[in-house]
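The structure file final-v9.cif is reproduced below (mmCIF, C-alpha atoms).
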data_input
loop_
_atom_site.label_atom_id
_atom_site.label_comp_id
_atom_site.auth_asym_id
_atom_site.auth_seq_id
_atom_site.Cartn_x
_atom_site.Cartn_y
_atom_site.Cartn_z
CA MET A 12 -71.11 -32.75 20.04
CA ALA A 13 -67.53 -32.87 21.32
CA ASP A 14 -65.03 -30.31 20.02
CA ALA A 15 -62.86 -33.03 18.53
CA GLU A 16 -65.76 -34.51 16.62
CA LYS A 17 -66.60 -31.08 15.27
CA GLY A 18 -63.04 -30.89 13.96
CA ARG A 19 -62.10 -28.05 16.28
CA TYR A 20 -58.99 -29.93 17.44
CA PRO A 21 -56.99 -31.82 14.81
CA LEU A 22 -56.30 -35.50 15.55
CA PRO A 23 -52.49 -35.15 16.11
CA MET A 24 -53.19 -32.57 18.81
CA MET A 25 -55.68 -34.88 20.51
CA TRP A 26 -53.12 -37.69 20.30
CA ALA A 27 -50.45 -35.49 21.91
CA LEU A 28 -52.84 -34.41 24.67
CA TRP A 29 -53.73 -38.06 25.32
CA GLY A 30 -50.03 -38.85 25.69
CA CYS A 31 -49.49 -35.94 28.07
CA VAL A 32 -52.42 -36.80 30.31
CA LEU A 33 -51.67 -40.53 30.53
CA ARG A 34 -47.88 -40.15 30.24
CA GLY A 35 -47.89 -42.65 27.44
CA PHE A 36 -49.68 -44.00 24.40
CA PRO A 37 -51.71 -47.22 24.22
CA SER A 38 -49.68 -50.07 22.79
CA GLU A 39 -52.51 -51.29 20.52
CA ALA A 40 -51.98 -48.24 18.32
CA VAL A 41 -48.23 -48.85 17.87
CA ALA A 42 -46.76 -51.45 15.48
CA THR A 43 -44.16 -53.91 16.81
CA ARG A 44 -41.62 -52.65 14.29
CA ASP A 45 -41.86 -49.22 15.95
CA LEU A 46 -41.34 -50.47 19.52
CA ASP A 47 -38.11 -49.94 21.43
CA PHE A 48 -37.74 -51.87 24.70
CA ARG A 49 -35.35 -50.37 27.24
CA VAL A 50 -34.50 -52.63 30.16
CA SER A 51 -32.43 -51.66 33.18
CA SER A 52 -31.73 -53.66 36.30
CA LEU A 53 -29.99 -51.64 38.92
CA ASP A 54 -29.21 -51.31 42.58
CA GLU A 55 -29.05 -47.82 44.04
CA GLY A 56 -28.61 -49.03 47.59
CA GLN A 57 -32.18 -50.20 48.19
CA GLY A 58 -32.02 -53.58 46.54
CA MET A 59 -32.01 -54.69 42.97
CA ARG A 60 -34.97 -53.64 40.84
CA LEU A 61 -36.06 -53.79 37.25
CA GLU A 62 -37.04 -50.81 35.13
CA LEU A 63 -38.62 -51.43 31.75
CA THR A 64 -39.74 -48.73 29.36
CA VAL A 65 -41.41 -49.40 26.03
CA VAL A 66 -40.94 -46.47 23.70
CA GLY A 67 -42.83 -45.74 20.46
CA PRO A 68 -42.47 -42.99 17.86
CA ASP A 69 -44.33 -40.48 20.04
CA GLY A 70 -43.05 -41.41 23.50
CA ASN A 71 -43.63 -44.04 26.17
CA VAL A 72 -46.03 -46.85 25.31
CA LEU A 73 -48.54 -48.23 27.84
CA VAL A 74 -49.49 -51.87 27.48
CA ARG A 75 -53.23 -51.96 26.81
CA GLY A 76 -55.95 -54.06 25.20
CA THR A 77 -54.98 -57.57 24.13
CA ASP A 78 -51.24 -56.89 24.43
CA GLU A 79 -49.57 -58.67 27.33
CA LEU A 80 -46.19 -57.74 28.76
CA SER A 81 -44.39 -60.20 31.01
CA VAL A 82 -40.99 -60.56 32.61
CA LEU A 83 -39.89 -63.97 33.89
CA ALA A 84 -37.08 -64.43 36.39
CA ALA A 85 -36.08 -68.10 36.74
CA GLY A 86 -39.42 -69.04 35.20
CA GLU A 87 -41.47 -66.93 37.65
CA ALA A 88 -43.42 -63.90 36.46
CA LEU A 89 -42.38 -60.64 38.10
CA PRO A 90 -45.16 -58.39 39.45
CA LEU A 91 -44.79 -55.44 37.09
CA GLN A 92 -46.06 -52.08 38.34
CA GLU A 93 -46.88 -49.33 35.86
CA THR A 94 -45.48 -46.04 37.12
CA GLU A 95 -46.97 -42.58 36.67
CA ASP A 96 -44.41 -41.68 34.04
CA GLY A 97 -45.17 -44.69 31.87
CA ARG A 98 -42.54 -47.21 32.96
CA TYR A 99 -42.78 -50.70 34.42
CA GLU A 100 -40.94 -51.66 37.59
CA ALA A 101 -40.46 -54.78 39.71
CA PRO A 102 -38.18 -55.75 42.61
CA LEU A 103 -35.47 -58.24 41.63
CA SER A 104 -34.03 -59.09 45.04
CA GLU A 105 -30.83 -61.08 44.57
CA PHE A 106 -31.73 -62.51 41.17
CA GLU A 107 -28.86 -63.31 38.84
CA GLY A 108 -29.10 -64.65 35.33
CA ASP A 109 -31.26 -63.84 32.34
CA LEU A 110 -34.66 -62.19 32.51
CA GLU A 111 -37.08 -63.39 29.83
CA ILE A 112 -38.98 -60.41 28.51
CA SER A 113 -41.93 -60.86 26.19
CA MET A 114 -44.88 -58.98 24.81
CA GLU A 115 -47.59 -61.13 23.27
CA ARG A 116 -49.74 -59.40 20.69
CA GLU A 117 -52.80 -60.60 18.81
CA GLU A 118 -52.62 -57.99 16.08
CA ASP A 119 -48.89 -57.89 15.39
CA ASP A 120 -45.56 -59.74 15.87
CA ASP A 121 -44.80 -60.96 19.38
CA VAL A 122 -41.66 -59.75 21.09
CA SER A 123 -39.31 -61.97 23.09
CA PHE A 124 -35.73 -61.51 24.25
CA LEU A 125 -33.36 -62.13 27.16
CA ALA A 126 -31.91 -59.43 29.43
CA PRO A 127 -28.91 -60.49 31.55
CA VAL A 128 -28.77 -59.31 35.17
CA VAL A 129 -25.25 -58.90 36.52
CA PRO A 130 -24.12 -60.80 39.64
CA LEU A 131 -23.62 -59.29 43.08
CA TYR A 132 -20.09 -60.01 44.31
CA GLU A 133 -19.03 -60.59 47.89
CA LEU A 134 -15.93 -58.49 48.12
CA GLU A 135 -13.22 -58.99 50.74
CA ALA A 136 -10.34 -56.64 51.45
CA GLU A 137 -7.10 -57.38 53.28
CA ALA A 138 -4.67 -54.53 53.92
CA SER A 139 -0.98 -55.13 54.66
CA ASP A 140 2.09 -52.91 54.78
CA GLU A 141 2.84 -53.78 51.19
CA ARG A 142 -0.50 -53.94 49.44
CA LEU A 143 -4.28 -54.04 49.55
CA LEU A 144 -5.52 -57.44 48.41
CA LEU A 145 -9.10 -57.68 47.17
CA THR A 146 -10.76 -61.03 46.58
CA TRP A 147 -14.17 -62.27 45.44
CA GLU A 148 -15.77 -65.30 43.85
CA PRO A 149 -15.52 -64.98 40.05
CA ALA A 150 -18.83 -65.16 38.17
CA PRO A 151 -19.44 -65.95 34.51
CA GLY A 152 -21.20 -63.48 32.25
CA GLU A 153 -20.66 -60.83 29.66
CA HIS A 154 -20.50 -58.03 32.19
CA THR A 155 -17.67 -55.60 32.81
CA LEU A 156 -16.01 -55.25 36.20
CA THR A 157 -14.79 -51.93 37.52
CA LEU A 158 -12.89 -51.67 40.74
CA GLY A 159 -13.23 -48.38 42.62
CA LEU A 160 -11.56 -47.01 45.71
CA GLU A 161 -12.42 -43.84 47.61
CA GLY A 162 -11.44 -42.22 50.89
CA VAL A 163 -10.54 -38.83 52.34
CA CYS A 164 -6.83 -39.67 52.30
CA THR A 165 -6.62 -40.47 48.58
CA GLN A 166 -7.96 -39.32 45.28
CA PRO A 167 -10.47 -41.78 43.80
CA VAL A 168 -9.04 -44.70 41.83
CA ALA A 169 -10.97 -46.70 39.23
CA ARG A 170 -9.72 -49.72 37.31
CA GLN A 171 -11.72 -51.48 34.63
CA LEU A 172 -10.69 -55.12 34.76
CA ALA A 173 -10.00 -57.13 31.62
CA ALA A 174 -10.70 -60.50 33.27
CA ASP A 175 -12.64 -61.76 36.26
CA THR A 176 -9.87 -63.63 38.06
CA GLY A 177 -11.35 -63.22 41.54
CA SER A 178 -8.52 -61.10 42.91
CA TYR A 179 -6.69 -57.81 42.47
CA SER A 180 -3.99 -56.16 44.48
CA LEU A 181 -2.95 -52.53 44.72
CA SER A 182 0.37 -51.45 46.15
CA ARG A 183 0.57 -48.33 48.33
CA ALA A 184 2.43 -46.42 45.65
CA GLU A 185 -0.38 -46.93 43.14
CA LEU A 186 -2.72 -44.73 45.19
CA PRO A 187 -2.61 -40.95 44.79
CA TRP A 188 -2.50 -40.14 48.51
CA VAL A 189 -3.53 -36.64 49.56
CA THR A 190 -2.75 -36.97 53.29
CA THR A 191 -0.13 -38.83 55.30
CA ALA A 192 -2.64 -40.30 57.77
CA PRO A 193 -4.53 -43.54 57.15
CA CYS A 194 -8.27 -43.43 56.58
CA ALA A 195 -11.26 -45.65 55.90
CA LEU A 196 -11.39 -46.62 52.25
CA ALA A 197 -14.60 -47.66 50.52
CA VAL A 198 -13.71 -50.31 47.97
CA THR A 199 -16.33 -51.14 45.36
CA LEU A 200 -16.62 -53.71 42.62
CA GLU A 201 -19.16 -52.66 40.04
CA ALA A 202 -20.53 -55.18 37.61
CA SER A 203 -22.17 -53.66 34.58
CA TYR A 204 -23.58 -54.82 31.29
CA SER A 205 -25.08 -53.02 28.36
CA SER A 206 -26.21 -54.13 24.94
CA ASP A 207 -28.08 -52.47 22.12
CA SER A 208 -29.48 -54.78 19.47
CA LEU A 209 -32.46 -55.34 17.25
CA LEU A 210 -35.23 -57.73 18.21
CA PRO A 211 -34.55 -61.23 16.85
CA GLY A 212 -37.13 -62.40 14.31
CA VAL A 213 -39.00 -59.11 14.26
CA GLU A 214 -38.89 -56.68 11.36
CA GLY A 215 -37.85 -53.36 12.84
CA GLY A 216 -38.12 -52.92 16.58
CA SER A 217 -35.21 -52.74 18.96
CA TYR A 218 -34.17 -53.27 22.53
CA SER A 219 -31.39 -52.25 24.82
CA VAL A 220 -30.36 -53.77 28.12
CA SER A 221 -28.27 -52.34 30.91
CA SER A 222 -27.54 -53.73 34.32
CA TRP A 223 -25.27 -52.64 37.13
CA ARG A 224 -24.77 -53.15 40.82
CA THR A 225 -22.06 -52.34 43.26
CA SER A 226 -20.51 -54.46 46.00
CA GLU A 227 -18.79 -52.53 48.76
CA VAL A 228 -16.36 -53.19 51.61
CA GLU A 229 -14.54 -50.83 53.97
CA VAL A 230 -10.90 -51.13 54.96
CA GLU A 231 -8.47 -48.96 56.96
CA TRP A 232 -5.34 -48.17 54.97
CA GLY A 233 -2.91 -45.31 54.47
CA PRO A 234 0.29 -44.13 52.77
CA VAL B 20 -18.91 -18.27 -4.44
CA GLY B 21 -17.08 -15.72 -2.32
CA THR B 22 -16.70 -18.24 0.50
CA VAL B 23 -15.31 -20.88 -1.88
CA MET B 24 -12.80 -18.41 -3.35
CA TRP B 25 -11.77 -17.39 0.14
CA ALA B 26 -11.26 -21.04 1.12
CA LEU B 27 -9.16 -21.68 -2.03
CA LEU B 28 -7.00 -18.65 -1.29
CA ALA B 29 -6.52 -19.85 2.27
CA CYS B 30 -5.41 -23.27 0.99
CA GLN B 31 -2.81 -21.75 -1.32
CA GLU B 32 -1.36 -19.53 1.37
CA GLU B 33 2.30 -20.35 2.09
CA PRO B 34 3.06 -21.43 5.65
CA GLU B 35 4.84 -18.77 7.67
CA PRO B 36 8.61 -19.42 7.68
CA VAL B 37 10.06 -20.41 11.02
CA PRO B 38 12.11 -17.48 12.31
CA LEU B 39 15.83 -17.87 13.00
CA SER B 40 17.11 -17.81 16.56
CA ALA B 41 19.61 -15.11 15.54
CA GLU B 42 16.69 -12.71 15.04
CA PHE B 43 16.08 -12.68 18.81
CA TYR B 44 18.07 -11.47 21.78
CA LEU B 45 19.66 -14.40 23.58
CA GLU B 46 17.76 -13.40 26.74
CA VAL B 47 14.42 -14.33 25.17
CA LEU B 48 15.59 -17.72 23.87
CA GLY B 49 15.07 -20.98 25.75
CA LEU B 50 15.45 -24.74 25.29
CA ARG B 51 12.67 -27.29 25.55
CA GLY B 52 12.91 -31.06 25.16
CA SER B 53 14.25 -34.11 26.91
CA VAL B 54 17.43 -35.92 27.86
CA ARG B 55 16.67 -39.61 28.01
CA SER B 56 18.76 -42.64 28.88
CA ASP B 57 17.60 -46.17 28.00
CA GLY B 58 20.65 -47.82 29.53
CA GLU B 59 22.64 -47.98 26.30
CA VAL B 60 22.59 -44.45 24.93
CA VAL B 61 21.59 -41.06 26.19
CA GLN B 62 19.68 -39.00 23.68
CA ALA B 63 19.01 -35.31 23.93
CA GLU B 64 16.12 -33.94 21.84
CA VAL B 65 15.79 -30.19 22.02
CA ASN B 66 13.92 -27.35 20.38
CA VAL B 67 14.96 -23.72 20.57
CA LEU B 68 12.18 -21.41 21.69
CA ALA B 69 11.66 -17.67 21.54
CA GLY B 70 9.05 -17.11 24.20
CA ASP B 71 6.63 -19.99 23.59
CA GLY B 72 7.20 -20.26 19.83
CA TRP B 73 9.70 -22.49 18.07
CA VAL B 74 12.58 -20.97 16.18
CA ARG B 75 15.25 -22.44 13.93
CA LEU B 76 18.83 -22.41 15.09
CA GLY B 77 20.63 -20.05 12.75
CA GLY B 78 23.06 -17.20 12.21
CA ALA B 79 26.04 -17.37 14.52
CA ASP B 80 24.07 -19.39 17.10
CA GLU B 81 25.31 -22.86 18.02
CA LEU B 82 23.96 -25.53 20.31
CA THR B 83 26.36 -27.97 21.97
CA LEU B 84 26.15 -30.62 24.62
CA LEU B 85 28.84 -29.94 27.19
CA LEU B 86 30.03 -33.10 28.98
CA PRO B 87 32.70 -33.71 31.63
CA ASP B 88 34.97 -35.23 28.95
CA GLY B 89 34.25 -32.96 26.01
CA GLU B 90 31.59 -31.61 23.72
CA GLN B 91 28.99 -33.15 21.48
CA SER B 92 27.32 -31.36 18.60
CA PHE B 93 23.65 -31.59 17.61
CA THR B 94 22.09 -32.72 14.35
CA GLU B 95 19.09 -30.79 13.08
CA LEU B 96 16.11 -32.88 11.95
CA ALA B 97 13.50 -31.84 9.37
CA ASP B 98 11.19 -30.33 11.98
CA HIS B 99 14.03 -28.20 13.39
CA GLN B 100 14.41 -30.55 16.32
CA LEU B 101 18.02 -30.88 17.45
CA VAL B 102 19.27 -34.32 18.42
CA ALA B 103 22.50 -35.54 20.03
CA GLN B 104 23.52 -38.94 21.34
CA LEU B 105 26.09 -39.88 23.97
CA PRO B 106 27.01 -43.01 25.94
CA SER B 107 24.80 -43.96 28.87
CA ALA B 108 27.63 -43.52 31.35
CA GLU B 109 27.18 -39.76 31.03
CA LEU B 110 24.75 -38.57 33.67
CA GLU B 111 25.60 -34.91 33.91
CA GLY B 112 26.16 -32.18 31.42
CA ALA B 113 24.87 -28.93 30.08
CA LEU B 114 23.14 -27.72 26.96
CA VAL B 115 24.89 -24.60 25.75
CA LEU B 116 23.36 -22.20 23.25
CA SER B 117 26.22 -19.90 22.30
CA ARG B 118 26.41 -16.75 20.20
CA GLU B 119 29.78 -15.07 19.66
CA ASP B 120 30.83 -13.95 23.15
CA GLU B 121 27.65 -14.80 25.07
CA ALA B 122 25.95 -18.10 25.92
CA LEU B 123 22.82 -19.60 27.46
CA GLU B 124 23.69 -22.64 29.59
CA VAL B 125 21.15 -25.20 30.85
CA PRO B 126 22.84 -27.73 33.18
CA PHE B 127 21.25 -31.12 33.73
CA SER B 128 21.76 -34.16 35.91
CA LEU B 129 19.95 -37.36 34.95
CA PRO B 130 18.07 -39.28 37.69
CA THR B 131 19.61 -42.42 39.19
CA PRO B 132 19.78 -45.24 36.58
CA LEU B 133 17.38 -48.19 36.89
CA THR B 134 18.15 -51.89 36.69
CA LEU B 135 15.02 -54.02 36.33
CA SER B 136 14.68 -57.62 37.47
CA LEU B 137 11.77 -60.02 37.53
CA GLU B 138 10.46 -62.04 40.45
CA ASP B 139 7.37 -63.73 41.73
CA PRO B 140 6.66 -64.08 38.54
CA TYR B 141 4.85 -60.85 37.63
CA ARG B 142 6.66 -58.48 39.97
CA VAL B 143 9.21 -56.14 38.43
CA ARG B 144 11.79 -54.85 40.87
CA TRP B 145 14.39 -52.05 40.85
CA GLU B 146 16.47 -50.10 43.36
CA PRO B 147 14.38 -47.26 44.76
CA ALA B 148 15.86 -43.78 44.79
CA GLU B 149 14.93 -40.50 46.42
CA ARG B 150 15.06 -38.39 43.27
CA GLY B 151 12.61 -38.73 40.40
CA LYS B 152 9.01 -39.62 39.75
CA ILE B 153 8.29 -43.23 38.83
CA SER B 154 5.73 -44.31 36.26
CA VAL B 155 5.10 -47.75 34.82
CA VAL B 156 3.65 -48.65 31.42
CA VAL B 157 2.66 -52.22 30.51
CA GLU B 158 2.24 -53.10 26.84
CA GLY B 159 1.57 -56.30 24.93
CA MET B 160 -0.20 -57.74 21.92
CA CYS B 161 -2.92 -59.13 24.19
CA LEU B 162 -3.75 -55.75 25.71
CA ASP B 163 -6.29 -53.48 24.04
CA SER B 164 -4.34 -50.44 25.19
CA PRO B 165 -1.23 -49.84 27.32
CA LEU B 166 -1.71 -49.89 31.11
CA ARG B 167 -0.37 -46.65 32.58
CA ARG B 168 0.43 -46.72 36.30
CA PRO B 169 1.99 -43.60 37.80
CA LEU B 170 3.37 -44.30 41.28
CA SER B 171 3.00 -41.77 44.09
CA PHE B 172 6.39 -42.74 45.53
CA ASP B 173 9.31 -44.98 44.58
CA GLN B 174 8.65 -48.31 46.29
CA GLY B 175 11.09 -50.20 44.07
CA TRP B 176 8.59 -52.63 42.54
CA TYR B 177 5.42 -53.02 40.52
CA GLU B 178 3.30 -56.13 40.12
CA VAL B 179 1.33 -56.74 36.94
CA GLN B 180 -2.17 -57.98 37.79
CA PRO B 181 -3.56 -60.96 35.84
CA ALA B 182 -7.02 -59.27 36.00
CA ASP B 183 -5.60 -56.46 33.84
CA VAL B 184 -4.96 -58.96 31.03
CA PRO B 185 -7.84 -60.46 29.01
CA LEU B 186 -8.55 -64.16 29.49
CA ALA B 187 -6.55 -66.27 27.08
CA GLU B 188 -5.70 -69.88 26.45
CA GLU B 189 -2.16 -68.99 25.54
CA ALA B 190 0.51 -67.04 27.35
CA CYS B 191 1.05 -63.42 26.41
CA GLU B 192 4.35 -61.56 26.35
CA LEU B 193 4.20 -58.23 28.13
CA TRP B 194 6.72 -55.39 28.14
CA VAL B 195 6.95 -53.46 31.37
CA THR B 196 8.60 -50.05 31.01
CA VAL B 197 9.65 -48.19 34.14
CA GLN B 198 10.52 -44.53 33.89
CA ARG B 199 12.23 -42.41 36.51
CA ALA B 200 11.85 -38.77 35.50
CA GLU B 201 12.56 -35.26 36.69
CA GLN B 202 11.74 -31.89 35.23
CA ALA B 203 14.52 -29.31 35.02
CA GLY B 204 12.91 -26.16 33.70
CA ARG B 205 11.62 -27.10 30.28
CA LEU B 206 13.82 -30.19 30.07
CA LEU B 207 12.47 -33.61 30.96
CA LEU B 208 15.24 -35.82 32.34
CA GLN B 209 14.46 -39.53 32.08
CA GLN B 210 15.89 -42.91 32.92
CA VAL B 211 13.82 -45.50 31.05
CA ARG B 212 14.17 -49.28 31.14
CA THR B 213 12.03 -52.11 29.78
CA ILE B 214 11.76 -55.75 30.77
CA SER B 215 9.56 -58.46 29.29
CA LEU B 216 7.57 -61.08 31.14
CA GLU B 217 5.26 -63.87 30.12
CA MET B 218 1.74 -63.67 31.51
CA GLY B 219 -0.65 -66.51 31.66
CA PRO B 220 -2.54 -68.06 30.28
CA VAL B 221 -4.90 -65.95 32.40
CA MET B 222 -7.43 -68.09 34.22
CA GLY B 223 -10.82 -66.85 35.32
CA VAL B 224 -14.29 -66.62 33.90
CA ALA B 225 -15.40 -64.68 30.83
CA PRO B 226 -15.09 -61.85 30.17
#
Encoding of this model in structure tokens:
Amino acid sequence: MADAEKGRYPLPMMWALWGCVLRGFPSEAVATRDLDFRVSSLDEGQGMRLELTVVGPDGNVLVRGTDELSVLAAGEALPLQETEDGRYEAPLSEFEGDLEISMEREEDDDVSFLAPVVPLYELEAEASDERLLLTWEPAPGEHTLTLGLEGVCTQPVARQLAADTGSYSLSRAELPWVTTAPCALAVTLEASYSSDSLLPGVEGGSYSVSSWRTSEVEVEWGP
Amino acid sequence: VGTVMWALLACQEEPEPVPLSAEFYLEVLGLRGSVRSDGEVVQAEVNVLAGDGWVRLGGADELTLLLPDGEQSFTELADHQLVAQLPSAELEGALVLSREDEALEVPFSLPTPLTLSLEDPYRVRWEPAERGKISVVVEGMCLDSPLRRPLSFDQGWYEVQPADVPLAEEACELWVTVQRAEQAGRLLLQQVRTISLEMGPVMGVAP
């Protein structure tokens, strides 16, 4: 007879050990109202990818049994890979728009919500004696835009924009120069989005969505 | 119970009285504050210090504003701040803290005055000068918080960016304040001017 059956190990301890070994807990044992979906789409320089973690009261939840997790991008199902630490990942390539995330369950409420993916901007920079003019094609969405500028001849500058007008200019005097010689400046436009809200139509449960990616262009400029 | 009693006693404790300047040697006294011109009046706001702590002007001590054409006395406000006003034409002077036959004199010379004009239509222009550090602040009802733009050198202009203003269907009035400032010891010397401009409506895509 196994030790657990003999009562040598209490059930909570077995449950914790199960979670440690598999890095997650089977979804069938967790109610929908206790699920928290955490969605991130991000680009760290190797292309856009999706990261989805489903979290329950005791830690990460692994989709098992009759539960089905799916993510649709423009109507196409993404090939979700379960990672060793209990997350789900998929490449997103250049996708922009809303991801449709759902978890169909036979024994409990289904889950369904949208997760916006921020656009990738094509940034152009034009330096003149007077100013640095940055232009891009404006894109709709509820994301935030942050303009960044870095180089060895200046301290970093970051501006969070209030509107996506497709252009921004910086005069020379607005940069905190640290040398008198020009240098290569890396100009970035970061689009980011985050939201934290409850699941619509489901008692309890929650989800959060974050998305960011950075467009970059280099330009030679100086004080 | 002991802790509560202790807290009640602490609450009832009288604040320490501010010491009088006359209690200190003149050598340890100093003046901290600003002399600021907005184009119409120059206002000096000064506190008397003993070391790093504030003191109240008292005893035989007097503070005056010495100008090329005469003297101006200070008024003491409730928080022991001393205030004096003079016409904007006055650019140079000295703060004099005097006691019987000795005096502490802090001379000052305000930076070059600014005259703001608008062009282009969001570019604010002024005559650049060699002295003083320029900073720009943009405020308006349509902005969540003021935009603060310190400039690394005086280029004589600043352009408000439409992307810094939230999208709107109606125009928004903005106030652009340009400050030219210098530090003289513990005195901040400022020329400050403000001009308004109408932005928008800002076109773009949400947000």
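Atom to atom, CA of Thr83 (chain B) and CA of Ala200 (chain B) stand 22.6 Å apart.
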Practice item. Can you check which residues of chain B have any atom within 9 Å of chain A? Use all atoms listed in the file and format it as a list of chain:residue names. Key: B:Leu162, B:Arg168, B:Pro169, B:Leu170, B:Ser171, B:Phe172, B:Asp173, B:Gln174, B:Tyr177, B:Glu178, B:Gln180, B:Pro181, B:Ala182, B:Asp183, B:Val184, B:Pro185, B:Leu186, B:Val221, B:Met222, B:Gly223, B:Val224, B:Ala225, B:Pro226
Check your understanding: Excluding same-chain residues fewer than 6 positions from Leu193 (chain B), what lies within 12 Å of it counting only C-alpha atoms, as a VMD selection string?
Key -> chain B and resid 141 143 156 to 162 164 to 166 179 to 181 183 to 184 213 to 219
Check your understanding: Once the PyMOL selection byres ((chain B and resi 203-209) around 8) has been applied to the shown file, what residues remain in the selection, as a PyMOL selection string?
Key -> chain B and resi 50-56+127-130+198-202+210-211
Check your understanding: When the PyMOL selection byres ((chain A and resi 99) around 9) is applied to the file above, which residues end up in the set, as a list in words?
Key -> Leu61, Glu62, Leu63, Thr64, Val65, Leu91, Gln92, Glu93, Thr94, Gly97, Arg98, Glu100 and Ala101 of chain A
Exercise for review: Check which residues satisfy the PyMOL selection byres ((chain B and resi 124) around 8) in the file shown, then give them as a list in words.
Suggested key: Ala113, Leu114, Val115, Leu116, Ala122, Leu123, Val125 and Pro126 of chain B
Review point. Which residue, B:Gly58, B:Gly151, B:Gly21, B:Pro87, has the smallest gap to Leu135 (chain B) when you use all atoms listed in the file?
Key: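 Nearest candidate to Leu135 (chain B) out of B:Gly58, B:Gly151, B:Gly21, B:Pro87: B:Gly58.
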Exercise for review: Figure out the distance between CA of Glu227 (chain A) and CA of Pro220 (chain B), please, to one decimal in Å.
Suggested key: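 Spanning CA of Pro220 (chain B) to CA of Glu227 (chain A) is a straight-line distance of 29.1 Å.
Among the candidates B:Val102, B:Asp120, B:Thr22, B:Trp145, the residue lying nearest to Asp80 (chain B) is B:Asp120 (atoms considered: only C-alpha atoms).
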Since the input lacks atoms, please generate N, CA, C and O atoms for region 40-51 of chain A and provide them as a CSV table (one decimal), keeping the file's coordinate frame.
chain,number,residue,atom,x,y,z
A,40,ALA,N,-52.1,-49.2,19.5
A,40,ALA,CA,-52.0,-48.2,18.3
A,40,ALA,C,-50.6,-48.2,17.7
A,40,ALA,O,-50.3,-47.4,16.8
A,41,VAL,N,-49.6,-48.9,18.3
A,41,VAL,CA,-48.2,-48.8,17.9
A,41,VAL,C,-47.8,-50.2,17.3
A,41,VAL,O,-48.0,-51.2,18.0
A,42,ALA,N,-47.2,-50.2,16.1
A,42,ALA,CA,-46.8,-51.4,15.5
A,42,ALA,C,-45.5,-52.0,16.2
A,42,ALA,O,-44.7,-51.2,16.7
A,43,THR,N,-45.3,-53.3,16.2
A,43,THR,CA,-44.2,-53.9,16.8
A,43,THR,C,-42.9,-53.4,16.2
A,43,THR,O,-41.9,-53.1,16.9
A,44,ARG,N,-42.9,-53.1,14.9
A,44,ARG,CA,-41.6,-52.6,14.3
A,44,ARG,C,-41.2,-51.3,14.8
A,44,ARG,O,-40.1,-50.8,14.5
A,45,ASP,N,-42.2,-50.6,15.4
A,45,ASP,CA,-41.9,-49.2,16.0
A,45,ASP,C,-41.6,-49.2,17.5
A,45,ASP,O,-41.4,-48.2,18.1
A,46,LEU,N,-41.5,-50.4,18.1
A,46,LEU,CA,-41.3,-50.5,19.5
A,46,LEU,C,-39.9,-50.6,19.9
A,46,LEU,O,-39.1,-51.3,19.2
A,47,ASP,N,-39.5,-49.9,20.9
A,47,ASP,CA,-38.1,-49.9,21.4
A,47,ASP,C,-38.2,-50.3,22.9
A,47,ASP,O,-38.8,-49.5,23.7
A,48,PHE,N,-37.7,-51.4,23.3
A,48,PHE,CA,-37.7,-51.9,24.7
A,48,PHE,C,-36.4,-51.5,25.4
A,48,PHE,O,-35.4,-51.8,24.9
A,49,ARG,N,-36.5,-50.8,26.5
A,49,ARG,CA,-35.4,-50.4,27.2
A,49,ARG,C,-35.4,-51.0,28.6
A,49,ARG,O,-36.3,-50.6,29.4
A,50,VAL,N,-34.5,-51.9,28.9
A,50,VAL,CA,-34.5,-52.6,30.2
A,50,VAL,C,-33.3,-52.3,31.0
A,50,VAL,O,-32.2,-52.3,30.5
A,51,SER,N,-33.5,-51.9,32.2
A,51,SER,CA,-32.4,-51.7,33.2
A,51,SER,C,-32.7,-52.4,34.5
A,51,SER,O,-33.8,-52.4,35.0
